[in-house]
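So the structure is just underneath, and the comments pick up after that.
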Amino acid sequence: MSEKLDVVIIGAGPSGAAAAAFLRQKGRTVEVIEKTHFPRFSIGESLLAQSIAILDDAGLLPAVEAGGFQFKNGAAFQLNDDYKAIYFPDKSAEGPGTTIQVMRSKFDKILADGAAEMGAKVVYGEEVTAFESDDDGVKLTVKNEDGSVRTIEARFCLDGSGFGRTLSRLLDLEVPSQFPPRQGVFCQVVDNIDDPTFDRNKILVSIHPEHRHVWYWLIPLADGISSMGVVGSPEIVEAAGATEQERLDTLVGATTRMKEVLKNKQPYREPGTIHGYSCSVKSLYGPSYALLGNAAEFLDPVFSSGVTIALKSAQLATGLIDRQLNGETVDWQKEFSDELYIGIDTFRACVSTWYDESLQRIIFNKPDEANDIVRHLTSVLAGYAWDRNNPIVQQPDRYLKTVDRFLTTMAE
């Protein structure tokens with residue numbers, strides 16, 4: 001069976017669902033192919049404030065707001081007894097100053113269902129096994145879980161397959177990440193947090209007291225559930241225990257605040273491991289296709305940038321697709337790749353300086369009041385990594401290094 005439509009999207013996660021919603025707003029015929037069945041588990045539960053603005057533009061925010069997710073207004077950082085909070089409303093950029101922390105199984109289904117209600121066809125249990133493209137369109141071979149095979153023809157294809165990286169695999173686009181290998185162990189718990197001073201409205205990022213490149217997340221979710229995890233070099237993580245649970249218990253035991261607030265926790269979801277997650281590609285686009293979100297580039301989970309980059313890529317790509325299908329000339333390098341990499345490179349600088357400890361020093365040396373330095377940093381950590389008025393976005397590595405030297409000198 002052969003089908004012809006405007007756009008076919010691989011993957012119904014946040015980038016794919018948002019892209020489908022944007023395209024339906026423009027009247028385009030859209031089919032989304034998803035290998036798994038929703039709801040399904042995914043990590044990446046802590047969203048940034050910029051995501052709220054993009055979801056609003058896509059017409060998906062009302063359904064998300066009705067989902068009853070945990071309110072989030074910033075991030076807190078802990079090193080031994082030193083605690084610093086980043087309050088997102090103190091940002092310099094325009095746009096929402098608060099966001100949410102979500103159970104991704106529920107959140108992703110809300111987005112996919114929202115795209116379907118807007119008229120996108122969303123098909124589950126199908127996998128793309130072959131792909132061809134030229135300037136006139138694409139042809140996908142799709143295999144259903146029952147073994148049947150069909151062909152989809154479209155004028156354009158978007159790959160929002162996340163860590164499945166469908167087109168990167170089929171077209172040999174993936175290249176090694178510049179970041180060293182890191183490994184994460186995580187789980188979800190009934191947190192039973194009874195400490196009245198703990199702020200459920202922020203993600204808590206803790207740092208190992210001896211190994212500063214080892215860090216932890218504690219993400220309070222709705223209904224008394226929390227996501228927790230630790231990221232570090234494979235050698236340190238694997239040396240902490242024989243099982244995933246032992247590794248989590250041993251490494252969390254080295255913390256102060258996180259260990260204390262979770263003293264009454266109970267299991268909710270079994271531990272899991274992620275490794276080899278950082279990736280890059282030769283190109284974000286090709287003839288009649290483009291890559292979205294994690295299917296193109298994933299940096300590191302430390303600043304929760306994944307969903308924001310995914311949604312931003314969907315917003316950028318769909319506007320360009322609509323213009324191209326209308327017969328306009330689109331410069332995909334300048335208008336999509338270069339534009340998306342403004343934010344990616346800003347987040348990349350944050351990740352790099354986090355692991356070389358300079359951004360850690362900035363966070364713990366920053367003043368508590370919201371001066372210009374704090375507002376610019378807060379904007380980026382709130383997801384506004386494409387704001388060209390922000391000096392961090394203009395020259396991310398140079399600016400962060402300069403701020404580190406300045407604040408370190410002031411603290412001495």
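Naming works like this for the structure tokens: A, B, ... for the chains as they're shown, residue 1 at the start of each chain, ligands 1 onward in shown order.
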Nearby residues (only C-alpha atoms) at most 10 Å from Glu210 of chain A, same-chain spacing under 2 positions excluded, as a PDB file with N, CA and C atoms, in the first residue's frame:
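Output file out-v7.pdb follows:
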```
ATOM      1  N   LEU A  79      26.248  21.456  47.277  1.00  0.00           N
ATOM      2  CA  LEU A  79      27.586  20.884  47.413  1.00  0.00           C
ATOM      3  C   LEU A  79      27.926  20.889  48.894  1.00  0.00           C
ATOM      4  N   ASN A  80      27.951  19.687  49.497  1.00  0.00           N
ATOM      5  CA  ASN A  80      28.103  19.581  50.945  1.00  0.00           C
ATOM      6  C   ASN A  80      27.022  20.427  51.621  1.00  0.00           C
ATOM      7  N   ILE A 207      26.131  17.663  44.089  1.00  0.00           N
ATOM      8  CA  ILE A 207      27.463  17.356  43.577  1.00  0.00           C
ATOM      9  C   ILE A 207      28.182  16.461  44.570  1.00  0.00           C
ATOM     10  N   HIS A 208      28.847  15.436  44.064  1.00  0.00           N
ATOM     11  CA  HIS A 208      29.596  14.523  44.918  1.00  0.00           C
ATOM     12  C   HIS A 208      30.662  15.313  45.693  1.00  0.00           C
ATOM     13  N   ARG A 212      33.871  15.968  41.701  1.00  0.00           N
ATOM     14  CA  ARG A 212      32.984  17.063  41.289  1.00  0.00           C
ATOM     15  C   ARG A 212      32.298  16.805  39.946  1.00  0.00           C
ATOM     16  N   HIS A 213      32.802  15.840  39.161  1.00  0.00           N
ATOM     17  CA  HIS A 213      32.136  15.531  37.894  1.00  0.00           C
ATOM     18  C   HIS A 213      30.984  14.553  38.096  1.00  0.00           C
ATOM     19  N   VAL A 214      30.797  14.056  39.314  1.00  0.00           N
ATOM     20  CA  VAL A 214      29.666  13.177  39.624  1.00  0.00           C
ATOM     21  C   VAL A 214      28.563  14.039  40.232  1.00  0.00           C
ATOM     22  N   ALA A 254      26.708   9.253  49.664  1.00  0.00           N
ATOM     23  CA  ALA A 254      27.810  10.209  49.810  1.00  0.00           C
ATOM     24  C   ALA A 254      27.320  11.646  49.863  1.00  0.00           C
TER      25      ALA A 254
END
```
Which residues come within 8 Å of Leu381 of chain A, counting only C-alpha atoms, excluding same-chain residues fewer than 2 positions away, as number ranges by chain? A: 48, 88, 303, 377-379, 383-385
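Restricting the calculation to only C-alpha atoms, the smallest distance between Gly44 of chain A and any of A:Asp82, A:Asp172, A:Asp300, A:Asp387 is found for A:Asp300.
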Distance table requested - segment 61-101 of chain A against segment 217-236 of chain A, cut-off 10 Å, only C-alpha atoms: one row per qualifying residue with the closest atom pair and its distance in Å to one decimal, ordered by chain and rising residue number, as JSON lines.
```
{"residue": "A:Gly68", "atom": "CA", "partner": "A:Ala222", "partner_atom": "CA", "distance": 7.4}
{"residue": "A:Phe69", "atom": "CA", "partner": "A:Ala222", "partner_atom": "CA", "distance": 5.7}
{"residue": "A:Gln70", "atom": "CA", "partner": "A:Ala222", "partner_atom": "CA", "distance": 4.9}
{"residue": "A:Phe71", "atom": "CA", "partner": "A:Leu221", "partner_atom": "CA", "distance": 8.6}
{"residue": "A:Lys72", "atom": "CA", "partner": "A:Pro220", "partner_atom": "CA", "distance": 9.1}
{"residue": "A:Ala75", "atom": "CA", "partner": "A:Ile219", "partner_atom": "CA", "distance": 9.7}
{"residue": "A:Ala76", "atom": "CA", "partner": "A:Leu218", "partner_atom": "CA", "distance": 9.8}
{"residue": "A:Phe77", "atom": "CA", "partner": "A:Trp217", "partner_atom": "CA", "distance": 9.5}
{"residue": "A:Ile100", "atom": "CA", "partner": "A:Leu221", "partner_atom": "CA", "distance": 8.8}
{"residue": "A:Gln101", "atom": "CA", "partner": "A:Leu221", "partner_atom": "CA", "distance": 5.9}
```
Convert the current residue selection to file output with N, CA and C atoms, as a short mmCIF file (atom, residue, chain, number, x, y, z; two decimals), in the first residue's frame.
```
data_model
loop_
_atom_site.label_atom_id
_atom_site.label_comp_id
_atom_site.auth_asym_id
_atom_site.auth_seq_id
_atom_site.Cartn_x
_atom_site.Cartn_y
_atom_site.Cartn_z
N GLY A 68 -2.20 18.26 35.56
CA GLY A 68 -1.91 18.18 36.98
C GLY A 68 -0.46 17.91 37.32
N PHE A 69 0.47 18.45 36.54
CA PHE A 69 1.88 18.19 36.76
C PHE A 69 2.45 19.10 37.87
N GLN A 70 3.62 18.72 38.36
CA GLN A 70 4.30 19.47 39.42
C GLN A 70 4.80 20.82 38.91
N PHE A 71 4.46 21.88 39.60
CA PHE A 71 4.94 23.23 39.29
C PHE A 71 6.44 23.30 39.52
N LYS A 72 7.14 24.05 38.68
CA LYS A 72 8.59 24.24 38.80
C LYS A 72 8.92 25.70 38.55
N ALA A 75 15.83 25.90 39.83
CA ALA A 75 16.73 24.78 40.12
C ALA A 75 17.54 25.13 41.36
N ALA A 76 17.82 24.12 42.19
CA ALA A 76 18.65 24.30 43.38
C ALA A 76 19.89 23.43 43.26
N PHE A 77 21.00 23.94 43.75
CA PHE A 77 22.28 23.24 43.65
C PHE A 77 22.86 23.06 45.04
N ILE A 100 7.12 23.07 34.46
CA ILE A 100 6.58 21.91 35.17
C ILE A 100 7.62 20.79 35.18
N GLN A 101 7.40 19.86 36.10
CA GLN A 101 8.16 18.62 36.15
C GLN A 101 7.15 17.49 35.96
#
```
Among segment 266-395 of chain A, which residues carry a DSSP assignment of helix (DSSP H, G or I), reported as an MDAnalysis selection string? chainID A and resid 293:295 301:303 306:325 332:355 358:365 372:381 391:394
One-decimal distance in Å that lies between atom CA of Arg24 of chain A and atom CA of Ser168 of chain A: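 It comes out at 25.8 Å.
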